[in-house]
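Dumped my_file.txt below, it's compact mmCIF, C-alpha atoms and all ligand atoms:
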```
# COMPACT_ATOMS: atom_id res chain seq x y z
CA MET A 13 -44.18 -27.22 -31.24
CA GLU A 14 -45.90 -24.05 -32.19
CA ILE A 15 -45.55 -21.05 -30.02
CA GLU A 16 -48.58 -18.88 -29.99
CA ASN A 17 -48.11 -15.20 -29.80
CA GLN A 18 -49.58 -13.77 -26.68
CA PRO A 19 -51.74 -10.76 -27.39
CA SER A 20 -49.64 -7.80 -26.43
CA ARG A 21 -50.91 -6.07 -23.36
CA ILE A 22 -50.65 -2.34 -23.32
CA GLU A 23 -48.99 -1.34 -20.11
CA ASN A 24 -48.83 2.11 -18.73
CA ARG A 25 -45.41 2.36 -17.17
CA GLY A 26 -46.28 5.77 -15.83
CA ALA A 27 -46.44 6.90 -12.24
CA LEU A 28 -47.55 9.82 -10.16
CA PHE A 29 -45.21 10.92 -7.41
CA LEU A 30 -47.48 12.73 -4.99
CA ASP A 31 -46.67 15.23 -2.30
CA ARG A 32 -48.79 14.81 0.84
CA ASP A 33 -49.41 18.08 2.71
CA GLY A 34 -51.28 20.62 0.59
CA THR A 35 -51.72 18.09 -2.22
CA LEU A 36 -53.62 15.11 -0.76
CA ILE A 37 -54.38 16.37 2.74
CA ILE A 38 -54.88 19.83 4.17
CA ASP A 39 -51.51 21.32 5.12
CA LYS A 40 -51.32 21.80 8.86
CA ASP A 41 -47.82 22.85 9.78
CA TYR A 42 -45.87 20.00 11.35
CA LEU A 43 -48.81 17.63 11.51
CA ALA A 44 -48.01 14.88 14.02
CA ASP A 45 -51.44 13.74 15.20
CA PRO A 46 -53.33 11.33 12.95
CA ALA A 47 -56.59 12.85 14.24
CA GLY A 48 -55.63 16.03 12.36
CA VAL A 49 -55.49 14.34 8.94
CA GLU A 50 -58.12 15.82 6.61
CA LEU A 51 -58.34 14.82 2.98
CA ILE A 52 -58.49 17.57 0.40
CA PRO A 53 -61.93 17.15 -1.20
CA GLY A 54 -61.76 14.90 -4.27
CA ALA A 55 -58.35 13.41 -3.47
CA ALA A 56 -59.62 9.84 -3.15
CA GLU A 57 -61.66 9.98 -6.36
CA GLU A 58 -58.77 11.45 -8.34
CA LEU A 59 -56.27 8.87 -7.10
CA ARG A 60 -58.72 6.13 -8.04
CA THR A 61 -59.09 7.58 -11.52
CA ALA A 62 -55.33 7.86 -12.00
CA ARG A 63 -54.87 4.29 -10.81
CA ASP A 64 -57.59 3.10 -13.19
CA LEU A 65 -55.68 4.82 -16.00
CA GLY A 66 -52.74 2.58 -15.10
CA TYR A 67 -50.56 4.97 -13.17
CA LYS A 68 -48.68 3.73 -10.16
CA LEU A 69 -49.03 6.04 -7.18
CA LEU A 70 -46.02 6.89 -5.03
CA LEU A 71 -46.09 9.12 -1.98
CA PHE A 72 -43.16 11.49 -1.51
CA THR A 73 -43.24 13.77 1.50
CA ASN A 74 -40.69 15.99 3.21
CA GLN A 75 -41.21 15.89 6.97
CA SER A 76 -38.59 18.22 8.40
CA GLY A 77 -40.44 18.17 11.72
CA ILE A 78 -38.68 14.84 12.34
CA GLY A 79 -35.23 16.33 11.79
CA ARG A 80 -36.14 19.30 13.95
CA GLY A 81 -37.23 16.99 16.76
CA TYR A 82 -40.85 18.16 16.73
CA PHE A 83 -42.17 14.65 16.17
CA THR A 84 -40.98 11.16 15.30
CA LEU A 85 -40.91 9.05 12.18
CA ALA A 86 -43.57 6.87 13.82
CA ASP A 87 -45.83 9.94 14.10
CA ALA A 88 -45.40 10.65 10.38
CA VAL A 89 -46.14 7.02 9.52
CA ALA A 90 -49.26 7.14 11.71
CA CYS A 91 -50.47 10.22 9.82
CA ASN A 92 -49.79 8.49 6.50
CA ASN A 93 -51.72 5.44 7.66
CA ARG A 94 -54.66 7.59 8.71
CA MET A 95 -54.64 9.25 5.29
CA ILE A 96 -54.51 5.86 3.56
CA LYS A 97 -57.47 4.69 5.62
CA LEU A 98 -59.48 7.82 4.75
CA LEU A 99 -58.64 7.43 1.05
CA GLY A 100 -60.33 4.03 1.12
CA LEU A 101 -58.37 2.68 -1.85
CA GLY A 102 -56.69 -0.18 -0.01
CA SER A 103 -53.63 -0.39 2.18
CA ASP A 104 -51.45 -0.87 -0.91
CA VAL A 105 -52.67 2.26 -2.71
CA PHE A 106 -49.12 3.59 -2.80
CA THR A 107 -46.50 1.48 -4.54
CA GLU A 108 -43.80 3.23 -2.52
CA ILE A 109 -43.75 5.77 0.27
CA CYS A 110 -40.80 8.05 0.94
CA ILE A 111 -40.72 10.15 4.08
CA ALA A 112 -37.70 12.47 3.97
CA PRO A 113 -36.98 13.35 7.60
CA GLU A 114 -34.17 15.86 7.18
CA SER A 115 -34.56 19.49 8.12
CA ALA A 116 -33.29 22.03 5.61
CA ASP A 117 -30.00 22.53 7.46
CA GLN A 118 -29.17 18.83 7.73
CA PRO A 119 -27.29 16.81 5.09
CA SER A 120 -29.91 15.73 2.59
CA LEU A 121 -30.38 12.23 1.26
CA TYR A 122 -33.96 12.06 0.04
CA ARG A 123 -35.28 15.50 0.96
CA LYS A 124 -36.93 17.26 -2.00
CA PRO A 125 -35.57 18.66 -4.27
CA SER A 126 -33.14 15.69 -4.21
CA PRO A 127 -34.24 13.43 -7.09
CA ARG A 128 -32.90 10.29 -5.44
CA PHE A 129 -36.26 8.70 -4.48
CA ILE A 130 -37.75 9.32 -7.91
CA LEU A 131 -34.70 7.98 -9.75
CA GLU A 132 -34.52 4.88 -7.55
CA SER A 133 -38.25 4.23 -8.00
CA ILE A 134 -38.04 4.61 -11.77
CA ALA A 135 -35.28 2.00 -11.84
CA ARG A 136 -36.93 -0.34 -9.32
CA HIS A 137 -40.29 -0.42 -11.11
CA SER A 138 -39.07 0.00 -14.71
CA LEU A 139 -41.10 3.18 -15.06
CA ASP A 140 -41.08 5.32 -18.17
CA PRO A 141 -39.91 8.81 -17.15
CA ALA A 142 -41.87 10.29 -20.05
CA HIS A 143 -45.05 9.16 -18.30
CA CYS A 144 -44.10 10.11 -14.77
CA TRP A 145 -45.18 13.21 -12.92
CA MET A 146 -44.36 14.87 -9.63
CA ILE A 147 -47.36 16.74 -8.24
CA GLY A 148 -47.17 19.16 -5.34
CA ASP A 149 -47.94 22.53 -3.83
CA ARG A 150 -44.42 23.95 -3.32
CA GLU A 151 -41.44 24.92 -5.41
CA SER A 152 -39.40 21.97 -4.10
CA ASP A 153 -42.05 19.57 -5.46
CA LEU A 154 -41.68 20.99 -8.93
CA GLU A 155 -37.90 21.22 -8.72
CA VAL A 156 -37.54 17.58 -7.68
CA GLY A 157 -39.57 16.40 -10.66
CA LEU A 158 -37.54 18.50 -13.04
CA ASN A 159 -34.29 17.38 -11.35
CA ALA A 160 -35.32 13.75 -11.91
CA GLY A 161 -36.13 14.32 -15.57
CA ILE A 162 -39.87 13.76 -15.20
CA ARG A 163 -42.74 16.21 -15.53
CA SER A 164 -43.90 18.48 -12.74
CA ALA A 165 -47.36 19.78 -11.93
CA ALA A 166 -48.36 22.40 -9.37
CA VAL A 167 -51.67 22.37 -7.54
CA CYS A 168 -53.31 25.33 -5.81
CA THR A 169 -54.66 23.42 -2.80
CA GLY A 170 -51.74 24.20 -0.50
CA LYS A 171 -49.15 26.91 -0.10
CA TYR A 172 -50.01 29.06 -3.12
CA ASN A 173 -53.18 30.11 -4.88
CA GLU A 174 -53.31 30.37 -8.64
CA ALA A 175 -52.18 34.02 -8.80
CA GLU A 176 -49.24 33.35 -6.47
CA TRP A 177 -48.18 30.31 -8.47
CA ARG A 178 -48.16 32.27 -11.70
CA LEU A 179 -45.45 34.52 -10.23
CA ARG A 180 -43.12 31.66 -9.37
CA LEU A 181 -43.95 28.66 -11.56
CA PRO A 182 -40.67 27.24 -12.91
CA GLY A 183 -40.39 26.79 -16.65
CA GLY A 184 -41.39 23.30 -17.69
CA ALA A 185 -43.96 22.85 -14.93
CA THR A 186 -47.71 22.98 -15.44
CA LEU A 187 -50.27 24.63 -13.18
CA HIS A 188 -53.55 23.05 -12.10
CA ARG A 189 -56.23 24.28 -9.77
CA ASP A 190 -56.35 20.96 -7.94
CA LEU A 191 -55.71 17.26 -8.33
CA ASN A 192 -58.97 16.88 -10.20
CA SER A 193 -57.87 19.28 -12.90
CA PHE A 194 -54.49 17.57 -13.11
CA VAL A 195 -55.89 14.04 -13.42
CA ARG A 196 -58.36 15.18 -16.07
CA SER A 197 -55.39 16.41 -18.10
CA LEU A 198 -54.00 12.84 -18.15
CA SER A 199 -56.88 11.20 -19.98
MG MG B 1 -46.80 20.07 0.29
```
Could you spell out this file's structure in structure tokens?
Amino acid sequence: MEIENQPSRIENRGALFLDRDGTLIIDKDYLADPAGVELIPGAAEELRTARDLGYKLLLFTNQSGIGRGYFTLADAVACNNRMIKLLGLGSDVFTEICIAPESADQPSLYRKPSPRFILESIARHSLDPAHCWMIGDRESDLEVGLNAGIRSAAVCTGKYNEAEWRLRLPGGATLHRDLNSFVRSLS
């Protein structure tokens, strides 16, 4: 019996690990009410483009308000679900979602800059670290990417503007005005 060679399919084993507040939605300190979720303009279009390029999308958000007792995990999930609805890219737009609930003074398991979530996701989905990025608006977002051995990109839609980022951007990270400018750099 002859075995035909299947045409090889080019797979992008890359992924974007995305911060939430200040990266995909407007950062409102300790957001607990889904009614307060507001997409950063262009977020949905850019995630669609990245997905079309073959990147898996994973959401990675520190929510220390849970550890501090300001709100519950269910509140954070409700805000995520509202964001996912507003994005309009399907309920399965994110391959994985990690909500790290610890406050800064509590023992940390997944809280950024711990690389645990990224490393576990890379293993679970056979991702290629050379094609994985962590994107966020704070130092801990960039540190966690670098700690996990993937690339890190800063956006200026949250805590820092471009001038402020230039003063504190860690070596090895790249700076982008917004998600649009980052995603354009991928293609
Ligand atoms: Mg953020």
Kindly provide, as a JSON list (two decimals) with C-alpha atoms, in the coordinates of the input, all nucleotide and amino acid residues lying within 7 Å of ligand MG 1 (chain B), counting all atoms listed in the file.
```
[["chain", "number", "residue", "atom", "x", "y", "z"],
["A", 31, "ASP", "CA", -46.67, 15.23, -2.30],
["A", 32, "ARG", "CA", -48.79, 14.81, 0.84],
["A", 33, "ASP", "CA", -49.41, 18.08, 2.71],
["A", 34, "GLY", "CA", -51.28, 20.62, 0.59],
["A", 35, "THR", "CA", -51.72, 18.09, -2.22],
["A", 39, "ASP", "CA", -51.51, 21.32, 5.12],
["A", 148, "GLY", "CA", -47.17, 19.16, -5.34],
["A", 149, "ASP", "CA", -47.94, 22.53, -3.83],
["A", 150, "ARG", "CA", -44.42, 23.95, -3.32],
["A", 170, "GLY", "CA", -51.74, 24.20, -0.50]]
```
Mind working out the centre and edge lengths of an axis-aligned box for segment 162-172 of chain A, all listed atoms inside, 6 Å added to each side, rounded to one decimal in Å and written as lines of an AutoDock Vina configuration file?
```
center_x = -47.3
center_y = 21.4
center_z = -7.8
size_x = 26.8
size_y = 27.3
size_z = 27.4
```
Self-check item: Interatomic distance (Å, one decimal) between atom CA of Ala112 of chain A and atom CA of Cys168 of chain A
Solution: 22.5 Å
Counting only C-alpha atoms, find the residues whose atoms lie at most 8 Å from (-45.3, 2.3, -17.3) (file coordinates) and write them out as a compact mmCIF listing (two decimals) with C-alpha atoms, in the frame of the given file.
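Everything below was put into result.txt:
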```
# COMPACT_ATOMS: atom_id res chain seq x y z
CA GLU A 23 -48.99 -1.34 -20.11
CA ASN A 24 -48.83 2.11 -18.73
CA ARG A 25 -45.41 2.36 -17.17
CA GLY A 26 -46.28 5.77 -15.83
CA ALA A 27 -46.44 6.90 -12.24
CA GLY A 66 -52.74 2.58 -15.10
CA TYR A 67 -50.56 4.97 -13.17
CA SER A 138 -39.07 0.00 -14.71
CA LEU A 139 -41.10 3.18 -15.06
CA ASP A 140 -41.08 5.32 -18.17
CA HIS A 143 -45.05 9.16 -18.30
```
Quiz item: At a cut-off of 12 Å from (-52.9, 23.0, -2.5) in the coordinates of the file, what residues are picked up using all atoms listed in the file, written as a VMD selection string?
Solution: chain A and resid 30 to 40 51 to 53 55 147 to 151 153 165 to 174 176 to 177 187 to 192
Quiz item: Restricting the calculation to all atoms listed in the file, which member of A:Leu28, A:Ile111, A:Val195, A:Leu131 is positioned closest to Leu70 of chain A?
Solution: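 Closest to Leu70 of chain A of all the choices is A:Leu28.
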Quiz prompt | Å distance separating atom CA of Ala116 of chain A from atom CA of Leu154 of chain A, one decimal place | solution =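 Separation between atom CA of Ala116 of chain A and atom CA of Leu154 of chain A: 16.8 Å.
If you look at atom CA of Ala86 of chain A and atom CA of Asn159 of chain A, they are 28.8 Å away from each other.
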Quiz item: Pick from A:Val105, A:Ser76, A:Leu181, A:Met146: nearest to Arg63 of chain A, with all atoms listed in the file counted?
Solution: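 Under the stated criterion, the closest residue is A:Val105.
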Exercise. Name the closest residue to Glu108 of chain A among the candidates A:Ala47, A:Ala160, A:Leu198, A:Leu69; distances are taken between atoms, counting all atoms listed in the file.
Key: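 Closest to Glu108 of chain A, using all atoms listed in the file: A:Leu69.
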Quiz prompt | Counting all atoms listed in the file, the option among A:Val89, A:Thr107, A:Asp45, A:Arg80 closest to Arg136 of chain A | solution =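 Closest residue, counting all atoms listed in the file: A:Thr107.
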Quiz prompt | Proximity to Phe83 of chain A - best of A:Leu43, A:Ala56, A:Val49, A:Leu65, all atoms listed in the file | solution =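 Closest residue, counting all atoms listed in the file: A:Leu43.
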Quiz prompt | Shortest interatomic distance to Ser152 of chain A - which of A:Ala90, A:Asn74, A:Gly102, A:Tyr42, counting only C-alpha atoms | solution =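 Between A:Ala90, A:Asn74, A:Gly102, A:Tyr42, the residue approaching Ser152 of chain A most closely is A:Asn74.
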